[in-house]
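Participant: Please find one structure pasted underneath; my questions will follow.
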Amino acid sequence: MKLLFICTHNRCRSILGEAIANFEGKGLITAKSAGSQPSGQVHPLTLHYLELHGFSTDGLRSKSWDELEDFNPDYAITVCDSAAREACPLWMGKAKKIHWGLADPSRLAGEETKIVDEAFSRIIRTLAARIGKISAMLEMGIATDSEEMQTQLKRLANYFPQD
C-alpha cells in the first residue's frame, strides 16, 4: 500500500506520518509526505521527537507534492487540523482522499516543555496506532483498493488510543 501524507507546510504532522508509516507498516506500506506550500525545512522538534520515540529520520525533508507526481499513492491522507480553521490542501491525483485532522504540536514551540512533549507524544501514539491497524488489515489480506479498506481508513480518523 502506498500512502501520501499531506499538510500545507510539510514540516511536522505529514512528516510524522511518513516516518511512522514506513516503520509501523512492516514493509507492507510505503509512505511519503508532501505539502501544497512546503516550508523547505522539517521542524526541529519533529525530528527530535521522532528520534526520541525510536523512529528513523533519515531522508526526511519538506517538499512539494509536485516532486511526487510519479509516486501514485493509493491514499492521500491530509493531516491538517480543520478545527483550527487551517486551510487543508487538496491532492489532485488519482489517490483516494482521507482526512485525519490532527492538531499541530509544533505550534506549541515556546510553551512549557511538558506541554510540547505531551502534544508530540500524543500525535506519535495516535499515528502509530492508526498505522498499526492498517498493517493488521493488510496482514489479514484486506485489499488496498477495497471498499472495506477505504471505510476503515475513514473510521481511523476518529481513533485515538487511550493514554
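If you're wondering about the labels, chains in the C-alpha cells are A, B, ... by order shown, residues count from 1 in each chain, ligands from 1 in order shown.
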Need the shell around Cys7 in chain A: protein/DNA/RNA residues with any atom at most 8 Å away, counting only C-alpha atoms. Skip same-chain ones fewer than 4 positions apart. Format as JSON, numbers by chain?
Facilitator: {"A": [13, 14, 34, 35, 36, 78, 79, 80, 88, 89]}
Participant: Write out as a list in words which residues come within 8 Å of Thr46 in chain A when counting only C-alpha atoms, dropping same-chain ones fewer than 2 positions away.
Facilitator: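 Residues near the query, excluding close chain neighbours: Arg11, Cys12, Ile15, Leu16, Val42, His43, Pro44, His48, Tyr49, Leu50, Ser106 and Phe120 of chain A.
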Participant: Pick out the residues sitting within 6 Å of Ala119 in chain A, and hand them over as a list of chain:residue names; count only C-alpha atoms, and ignore anything fewer than 3 positions along from it in its own chain.
Facilitator: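 Counting only C-alpha atoms, the residues come to A:Pro105, A:Val116, A:Arg122.
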Participant: Can those selected residues be exported to a file as a PDB file, in the first residue's frame so that it contains N, CA and C atoms?
Facilitator:
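Wrote it out as part-v4.pdb, contents follow:
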```
ATOM      1  N   PRO A 105       1.399  19.999  16.797  1.00  0.00           N
ATOM      2  CA  PRO A 105       2.160  20.154  18.038  1.00  0.00           C
ATOM      3  C   PRO A 105       3.299  21.157  17.917  1.00  0.00           C
ATOM      4  N   VAL A 116       4.632  20.630  25.296  1.00  0.00           N
ATOM      5  CA  VAL A 116       5.120  20.295  23.959  1.00  0.00           C
ATOM      6  C   VAL A 116       5.396  18.795  23.866  1.00  0.00           C
ATOM      7  N   ARG A 122       1.471  12.497  21.940  1.00  0.00           N
ATOM      8  CA  ARG A 122       0.081  12.121  21.640  1.00  0.00           C
ATOM      9  C   ARG A 122      -0.101  11.891  20.136  1.00  0.00           C
TER      10      ARG A 122
END
```
Participant: Run DSSP on the backbone and grab whatever in range 3-89 of chain A lands in helix (DSSP H, G or I); send it over as number ranges by chain.
Facilitator: A: 13-24, 44-52, 65-68, 82-84
Participant: From the set A:Lys114, A:Lys2, A:Thr8, A:Glu24, which residue has the shortest atom-to-atom contact distance to Ala136 in chain A, counting only C-alpha atoms?
Facilitator: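 Between A:Lys114, A:Lys2, A:Thr8, A:Glu24, the residue approaching Ala136 in chain A most closely is A:Glu24.
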Participant: DSSP says strand (DSSP E) for which residues of chain A? Put them as a PyMOL selection string?
Facilitator: chain A and resi 2-6+30-34+75-78+96-99
Participant: May I have the residues from that selection written out with N, CA and C atoms, as a compact mmCIF listing (two decimals), in the first residue's frame?
Facilitator:
```
# COMPACT_ATOMS: atom_id res chain seq x y z
N LYS A 2 0.52 2.21 -0.79
CA LYS A 2 1.27 3.47 -0.85
C LYS A 2 0.42 4.59 -0.26
N LEU A 3 0.99 5.27 0.75
CA LEU A 3 0.30 6.36 1.42
C LEU A 3 1.07 7.66 1.22
N LEU A 4 0.34 8.73 0.98
CA LEU A 4 0.92 10.06 0.90
C LEU A 4 0.28 10.91 1.98
N PHE A 5 1.08 11.38 2.93
CA PHE A 5 0.59 12.25 3.99
C PHE A 5 0.80 13.69 3.54
N ILE A 6 -0.28 14.47 3.61
CA ILE A 6 -0.23 15.85 3.12
C ILE A 6 -0.62 16.82 4.22
N THR A 30 4.40 1.75 1.99
CA THR A 30 5.42 2.72 1.59
C THR A 30 4.76 4.08 1.73
N ALA A 31 5.38 4.96 2.51
CA ALA A 31 4.79 6.27 2.76
C ALA A 31 5.74 7.38 2.36
N LYS A 32 5.13 8.46 1.92
CA LYS A 32 5.85 9.70 1.63
C LYS A 32 4.99 10.83 2.17
N SER A 33 5.58 12.01 2.23
CA SER A 33 4.82 13.18 2.66
C SER A 33 5.16 14.35 1.77
N ALA A 34 4.24 15.31 1.74
CA ALA A 34 4.44 16.50 0.91
C ALA A 34 3.50 17.60 1.38
N TYR A 75 -3.65 6.11 -1.33
CA TYR A 75 -4.42 7.02 -0.49
C TYR A 75 -3.59 8.26 -0.19
N ALA A 76 -4.25 9.41 -0.27
CA ALA A 76 -3.66 10.67 0.17
C ALA A 76 -4.37 11.04 1.46
N ILE A 77 -3.60 11.12 2.54
CA ILE A 77 -4.18 11.39 3.86
C ILE A 77 -3.78 12.80 4.29
N THR A 78 -4.77 13.69 4.37
CA THR A 78 -4.50 15.04 4.85
C THR A 78 -4.55 15.01 6.37
N LYS A 96 -7.25 7.94 -3.49
CA LYS A 96 -8.46 8.16 -2.69
C LYS A 96 -8.08 9.10 -1.55
N LYS A 97 -8.96 10.03 -1.25
CA LYS A 97 -8.67 11.04 -0.24
C LYS A 97 -9.25 10.65 1.11
N ILE A 98 -8.43 10.82 2.15
CA ILE A 98 -8.83 10.54 3.53
C ILE A 98 -8.38 11.74 4.35
N HIS A 99 -9.19 12.14 5.32
CA HIS A 99 -8.79 13.26 6.19
C HIS A 99 -8.68 12.79 7.63
```
Participant: So which one's closest to Gly93 in chain A, A:Glu51, A:Glu147, A:Glu69, A:Asp58? Using only C-alpha atoms, please.
Facilitator: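 Between A:Glu51, A:Glu147, A:Glu69, A:Asp58, the residue approaching Gly93 in chain A most closely is A:Glu69.
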Participant: Between A:Ala103, A:Met1, A:Met149, A:Ile115, single out the one closest to Gly27 in chain A, counting only C-alpha atoms.
Facilitator: A:Met1
